[in-house]
Amino acid sequence: MHYGRVPTFRPATWRLQIFGATASGEQHFLTWDDFGQLPRSTVLADFHCVTKFSIMGNEWTGVPASAFLAAVPPADGVGHVMIWAEYGYSANVRMGDFDRDSTLFATELDGKPLSPERGYPVRAVVPHLYAWKSVKWVRAIEYLTEDRRGFWEDRGYHNVADPWREQRYSYQEDPGEGPP
Ligand SMILES: Nc1nc2c(c(=O)[nH]1)N[C@H]1C(S)=C(S)[C@@H](COP(=O)(O)O)O[C@H]1N2
Ligand SMILES: [Mo]
């Protein structure tokens, strides 16, 4: 399920941009080769779409989000991260959700490269939040000192998106409106 068409991957020109409030004040670009040099890990995770289906027990392999924080440290005061895809899709996550062992930039699912529809070559996997935060076809990571809403967060979905608290819709962010 996604918005827009499935992009074509061109390894020679592909870049992953890390920008916004970096500690150095500069933006960084990783080539596909640079990305391949980063540490890798595997996470076994369930996946919860907001429309209620769940996909259980996927094994995702890729670069943990913490590897980007180490390679390109954020400035002091960065509390959120915007994950950007092709075609302007985006999702914001709190730094505490980004900087978790289970948050990955995955290149493989169950031991095989991702299919184009599932986000090839790289997709975010934030398994403890609703799946719209798991951005496919990632192209950029933006460090934010002030939170900003991403694509679905701007269209009525919840800013945090914890499935255990059923945080689906933005009206739930107001005190007293259903699950907190
Ligand atoms: N780039 C991009 N990533 C995206 C989306 C999208 O529209 N564009 N849809 C999100 C939503 S709503 C869901 S449920 C999951 C679906 O992931 P899947 O196709 O691997 O099941 O991708 C998420 N990541
Ligand atoms: Mo979704």
# chains A, B, ... in the order shown; residues from 1 in each chain; ligands from 1

call {"tool": "residues_near_ligand", "arguments": {"ligand": "ligand 2", "cutoff": "6 Å", "atoms": "only C-alpha atoms and all ligand atoms", "output": "number ranges by chain"}}
result
A: 49-50, 131-132

call {"tool": "write_last_selection", "arguments": {"atoms": "C-alpha atoms", "output": "PDB file, in the first residue's frame"}}
result
ATOM      1  CA  CYS A  49      -1.203  -1.035   9.325  1.00  0.00           C
ATOM      2  CA  VAL A  50      -3.634   1.596  10.561  1.00  0.00           C
ATOM      3  CA  ALA A 131       3.209   1.184   9.336  1.00  0.00           C
ATOM      4  CA  TRP A 132       2.713   4.556   7.632  1.00  0.00           C
TER       5      TRP A 132
END

call {"tool": "residues_near_ligand", "arguments": {"ligand": "ligand 1", "cutoff": "6 Å", "atoms": "only C-alpha atoms and all ligand atoms", "output": "list in words"}}
result
Met1, His2, Tyr3, Cys49, Ala85, Tyr89, Arg118, Ala131, Trp132, Ser134, Val135, Lys136 and Trp137 of chain A

call {"tool": "closest_residue", "arguments": {"among": "A:Pro7, A:Gly88, A:Glu117, A:Arg94", "to": "A:Asp147", "atoms": "only C-alpha atoms"}}
result
A:Arg94

call {"tool": "select_by_dssp", "arguments": {"residues": "chain A", "states": "helix (DSSP H, G or I)", "output": "CSV table (one decimal) with C-alpha atoms, in the first residue's frame"}}
result
chain,number,residue,atom,x,y,z
A,32,TRP,CA,24.9,3.5,-2.5
A,33,ASP,CA,28.5,2.3,-1.7
A,34,ASP,CA,28.8,4.5,1.4
A,35,PHE,CA,25.4,3.1,2.6
A,36,GLY,CA,26.8,-0.4,2.0
A,37,GLN,CA,29.7,0.3,4.4
A,65,ALA,CA,19.0,4.1,12.6
A,66,SER,CA,21.6,4.5,15.3
A,67,ALA,CA,24.3,4.0,12.6
A,68,PHE,CA,23.2,7.2,10.9
A,69,LEU,CA,23.2,9.1,14.2
A,70,ALA,CA,26.8,7.9,14.7
A,71,ALA,CA,27.9,8.7,11.1
A,86,GLU,CA,10.7,9.6,-3.3
A,87,TYR,CA,7.8,11.9,-4.5
A,88,GLY,CA,7.6,13.8,-1.2
A,95,MET,CA,14.1,10.8,18.4
A,96,GLY,CA,13.2,8.2,21.0
A,97,ASP,CA,11.4,6.2,18.4
A,98,PHE,CA,14.1,6.6,15.8
A,116,PRO,CA,10.2,-2.8,-5.6
A,117,GLU,CA,6.7,-2.6,-4.1
A,118,ARG,CA,8.0,-3.2,-0.6
A,131,ALA,CA,3.2,1.2,9.3
A,132,TRP,CA,2.7,4.6,7.6
A,133,LYS,CA,5.8,5.6,9.6
A,153,GLU,CA,0.3,13.2,10.0
A,154,ASP,CA,-0.7,16.3,8.0
A,155,ARG,CA,-3.8,14.5,6.6
A,163,PRO,CA,-0.6,0.9,17.8
A,164,TRP,CA,-0.7,-0.4,21.4
A,165,ARG,CA,-2.4,2.9,22.3
A,170,SER,CA,-4.9,13.4,14.9
A,171,TYR,CA,-8.1,14.2,16.9
A,172,GLN,CA,-6.8,11.7,19.5
A,173,GLU,CA,-4.0,14.1,20.3

call {"tool": "atom_distance", "arguments": {"atom1": "atom CA of A:Asn159", "atom2": "atom CA of A:Val93"}}
result
8.0 Å

call {"tool": "residues_around", "arguments": {"residues": "A:Thr61", "least_positions_apart": "2", "cutoff": "9 Å", "atoms": "only C-alpha atoms", "output": "CSV table (one decimal) with N, CA and C atoms, in the first residue's frame"}}
result
chain,number,residue,atom,x,y,z
A,40,ARG,N,25.3,-3.4,10.0
A,40,ARG,CA,24.0,-4.0,9.6
A,40,ARG,C,23.5,-4.8,10.8
A,41,SER,N,22.2,-4.9,10.9
A,41,SER,CA,21.6,-5.8,11.9
A,41,SER,C,20.2,-6.3,11.4
A,42,THR,N,19.7,-7.3,12.1
A,42,THR,CA,18.5,-8.0,11.7
A,42,THR,C,17.5,-7.8,12.8
A,43,VAL,N,16.2,-7.6,12.5
A,43,VAL,CA,15.2,-7.4,13.5
A,43,VAL,C,14.0,-8.3,13.1
A,44,LEU,N,13.4,-9.0,14.0
A,44,LEU,CA,12.2,-9.7,13.8
A,44,LEU,C,11.0,-8.9,14.3
A,59,GLU,N,11.2,-10.8,9.1
A,59,GLU,CA,12.6,-10.6,9.5
A,59,GLU,C,13.3,-9.6,8.5
A,63,VAL,N,20.4,-1.3,7.9
A,63,VAL,CA,21.3,-0.5,8.7
A,63,VAL,C,20.4,0.1,9.8
A,64,PRO,N,20.9,-0.1,11.1
A,64,PRO,CA,20.1,0.4,12.2
A,64,PRO,C,20.1,2.0,12.2
A,104,LEU,N,15.1,0.3,11.7
A,104,LEU,CA,16.1,0.0,10.7
A,104,LEU,C,15.8,0.7,9.4
A,105,PHE,N,16.9,0.8,8.6
A,105,PHE,CA,16.7,1.1,7.2
A,105,PHE,C,17.0,-0.2,6.4
A,106,ALA,N,16.0,-0.9,6.1
A,106,ALA,CA,16.1,-2.3,5.7
A,106,ALA,C,16.3,-2.4,4.2
A,107,THR,N,17.1,-3.3,3.8
A,107,THR,CA,17.3,-3.6,2.4
A,107,THR,C,16.8,-5.1,2.1
A,108,GLU,N,16.6,-5.8,3.1
A,108,GLU,CA,16.2,-7.2,2.9
A,108,GLU,C,15.0,-7.6,3.8
A,109,LEU,N,14.1,-8.4,3.3
A,109,LEU,CA,13.0,-9.0,4.0
A,109,LEU,C,13.1,-10.5,3.9
A,110,ASP,N,13.1,-11.1,5.1
A,110,ASP,CA,13.2,-12.6,5.2
A,110,ASP,C,14.4,-13.1,4.3
A,111,GLY,N,15.5,-12.5,4.3
A,111,GLY,CA,16.7,-12.9,3.7
A,111,GLY,C,16.8,-12.6,2.2

call {"tool": "atom_distance", "arguments": {"atom1": "atom CA of A:Leu144", "atom2": "atom CA of A:Asp76"}}
result
10.3 Å

call {"tool": "residues_around", "arguments": {"residues": "A:Glu146", "least_positions_apart": "5", "cutoff": "9 Å", "atoms": "only C-alpha atoms", "output": "tab-separated table (two decimals) with C-alpha atoms, in the first residue's frame"}}
result
chain	number	residue	atom	x	y	z
A	77	GLY	CA	18.19	19.89	20.70
A	78	VAL	CA	17.14	17.57	17.85
A	79	GLY	CA	14.05	15.85	19.20
A	80	HIS	CA	12.45	14.53	15.99

call {"tool": "closest_residue", "arguments": {"among": "A:Pro39, A:Pro121, A:Pro175, A:Gly25", "to": "A:Val72", "atoms": "only C-alpha atoms"}}
result
A:Gly25

call {"tool": "select_by_dssp", "arguments": {"residues": "stretch 5-108 of chain A", "states": "strand (DSSP E or B)", "output": "PyMOL selection string"}}
result
chain A and resi 15-20+22+28-31+41-48+54-64+74+80-85+90-94+104-108

call {"tool": "residues_around", "arguments": {"residues": "stretch 81-83 of chain A", "least_positions_apart": "6", "cutoff": "6 Å", "atoms": "only C-alpha atoms", "output": "PDB file with N, CA and C atoms, in the first residue's frame"}}
result
ATOM      1  N   SER A  90       6.551  11.460   3.378  1.00  0.00           N
ATOM      2  CA  SER A  90       7.412  11.651   4.540  1.00  0.00           C
ATOM      3  C   SER A  90       6.679  11.193   5.784  1.00  0.00           C
ATOM      4  N   ALA A  91       7.441  10.915   6.826  1.00  0.00           N
ATOM      5  CA  ALA A  91       6.854  10.614   8.135  1.00  0.00           C
ATOM      6  C   ALA A  91       7.809  11.125   9.205  1.00  0.00           C
ATOM      7  N   ASN A  92       7.232  11.775  10.218  1.00  0.00           N
ATOM      8  CA  ASN A  92       8.051  12.256  11.329  1.00  0.00           C
ATOM      9  C   ASN A  92       7.996  11.254  12.477  1.00  0.00           C
ATOM     10  N   VAL A  93       9.118  11.091  13.135  1.00  0.00           N
ATOM     11  CA  VAL A  93       9.186  10.231  14.324  1.00  0.00           C
ATOM     12  C   VAL A  93       9.950  10.967  15.419  1.00  0.00           C
ATOM     13  N   ILE A 141      16.992  11.881   5.362  1.00  0.00           N
ATOM     14  CA  ILE A 141      16.740  11.914   6.799  1.00  0.00           C
ATOM     15  C   ILE A 141      16.980  13.359   7.228  1.00  0.00           C
ATOM     16  N   GLU A 142      15.972  13.950   7.863  1.00  0.00           N
ATOM     17  CA  GLU A 142      16.085  15.354   8.263  1.00  0.00           C
ATOM     18  C   GLU A 142      15.994  15.464   9.785  1.00  0.00           C
ATOM     19  N   TYR A 143      17.002  16.049  10.387  1.00  0.00           N
ATOM     20  CA  TYR A 143      17.000  16.258  11.834  1.00  0.00           C
ATOM     21  C   TYR A 143      16.228  17.534  12.154  1.00  0.00           C
ATOM     22  N   LEU A 144      15.282  17.425  13.076  1.00  0.00           N
ATOM     23  CA  LEU A 144      14.392  18.547  13.398  1.00  0.00           C
ATOM     24  C   LEU A 144      14.587  19.010  14.840  1.00  0.00           C
TER      25      LEU A 144
END

call {"tool": "decode", "arguments": {"residues": "stretch 49-108 of chain A", "atoms": "C-alpha atoms", "output": "mmCIF file, in the first residue's frame"}}
result
data_model
loop_
_atom_site.group_PDB
_atom_site.id
_atom_site.type_symbol
_atom_site.label_atom_id
_atom_site.label_comp_id
_atom_site.auth_asym_id
_atom_site.auth_seq_id
_atom_site.Cartn_x
_atom_site.Cartn_y
_atom_site.Cartn_z
ATOM 1 C CA CYS A 49 -1.203 -1.035 9.325
ATOM 2 C CA VAL A 50 -3.634 1.596 10.561
ATOM 3 C CA THR A 51 -6.437 -0.044 8.580
ATOM 4 C CA LYS A 52 -6.114 -2.857 11.131
ATOM 5 C CA PHE A 53 -4.343 -5.713 9.388
ATOM 6 C CA SER A 54 -1.057 -6.864 10.907
ATOM 7 C CA ILE A 55 1.737 -8.815 9.269
ATOM 8 C CA MET A 56 3.441 -10.926 11.885
ATOM 9 C CA GLY A 57 6.999 -12.160 12.162
ATOM 10 C CA ASN A 58 8.868 -10.413 9.360
ATOM 11 C CA GLU A 59 12.647 -10.596 9.479
ATOM 12 C CA TRP A 60 14.121 -7.291 8.311
ATOM 13 C CA THR A 61 17.847 -6.757 7.667
ATOM 14 C CA GLY A 62 19.526 -3.418 7.103
ATOM 15 C CA VAL A 63 21.268 -0.458 8.687
ATOM 16 C CA PRO A 64 20.082 0.448 12.194
ATOM 17 C CA ALA A 65 18.972 4.068 12.571
ATOM 18 C CA SER A 66 21.607 4.484 15.292
ATOM 19 C CA ALA A 67 24.306 4.011 12.617
ATOM 20 C CA PHE A 68 23.153 7.222 10.914
ATOM 21 C CA LEU A 69 23.181 9.084 14.227
ATOM 22 C CA ALA A 70 26.782 7.900 14.726
ATOM 23 C CA ALA A 71 27.889 8.654 11.144
ATOM 24 C CA VAL A 72 26.215 12.075 10.979
ATOM 25 C CA PRO A 73 25.450 13.234 14.517
ATOM 26 C CA PRO A 74 22.483 15.555 15.084
ATOM 27 C CA ALA A 75 22.930 18.929 16.754
ATOM 28 C CA ASP A 76 21.930 19.417 20.382
ATOM 29 C CA GLY A 77 18.188 19.888 20.696
ATOM 30 C CA VAL A 78 17.139 17.570 17.854
ATOM 31 C CA GLY A 79 14.053 15.846 19.197
ATOM 32 C CA HIS A 80 12.450 14.531 15.987
ATOM 33 C CA VAL A 81 13.442 13.109 12.640
ATOM 34 C CA MET A 82 11.632 13.407 9.307
ATOM 35 C CA ILE A 83 12.126 10.399 7.041
ATOM 36 C CA TRP A 84 11.685 11.348 3.381
ATOM 37 C CA ALA A 85 10.894 9.141 0.391
ATOM 38 C CA GLU A 86 10.699 9.629 -3.339
ATOM 39 C CA TYR A 87 7.813 11.876 -4.460
ATOM 40 C CA GLY A 88 7.560 13.848 -1.244
ATOM 41 C CA TYR A 89 6.128 11.124 1.018
ATOM 42 C CA SER A 90 7.412 11.651 4.540
ATOM 43 C CA ALA A 91 6.854 10.614 8.135
ATOM 44 C CA ASN A 92 8.051 12.256 11.329
ATOM 45 C CA VAL A 93 9.186 10.231 14.324
ATOM 46 C CA ARG A 94 10.341 11.232 17.770
ATOM 47 C CA MET A 95 14.069 10.796 18.373
ATOM 48 C CA GLY A 96 13.210 8.224 21.036
ATOM 49 C CA ASP A 97 11.396 6.156 18.386
ATOM 50 C CA PHE A 98 14.137 6.641 15.784
ATOM 51 C CA ASP A 99 17.020 5.787 18.120
ATOM 52 C CA ARG A 100 15.876 2.285 19.019
ATOM 53 C CA ASP A 101 17.588 -1.005 18.221
ATOM 54 C CA SER A 102 14.527 -2.121 16.243
ATOM 55 C CA THR A 103 14.389 0.939 13.937
ATOM 56 C CA LEU A 104 16.110 -0.049 10.708
ATOM 57 C CA PHE A 105 16.739 1.110 7.191
ATOM 58 C CA ALA A 106 16.062 -2.257 5.658
ATOM 59 C CA THR A 107 17.331 -3.647 2.377
ATOM 60 C CA GLU A 108 16.170 -7.231 2.927
#
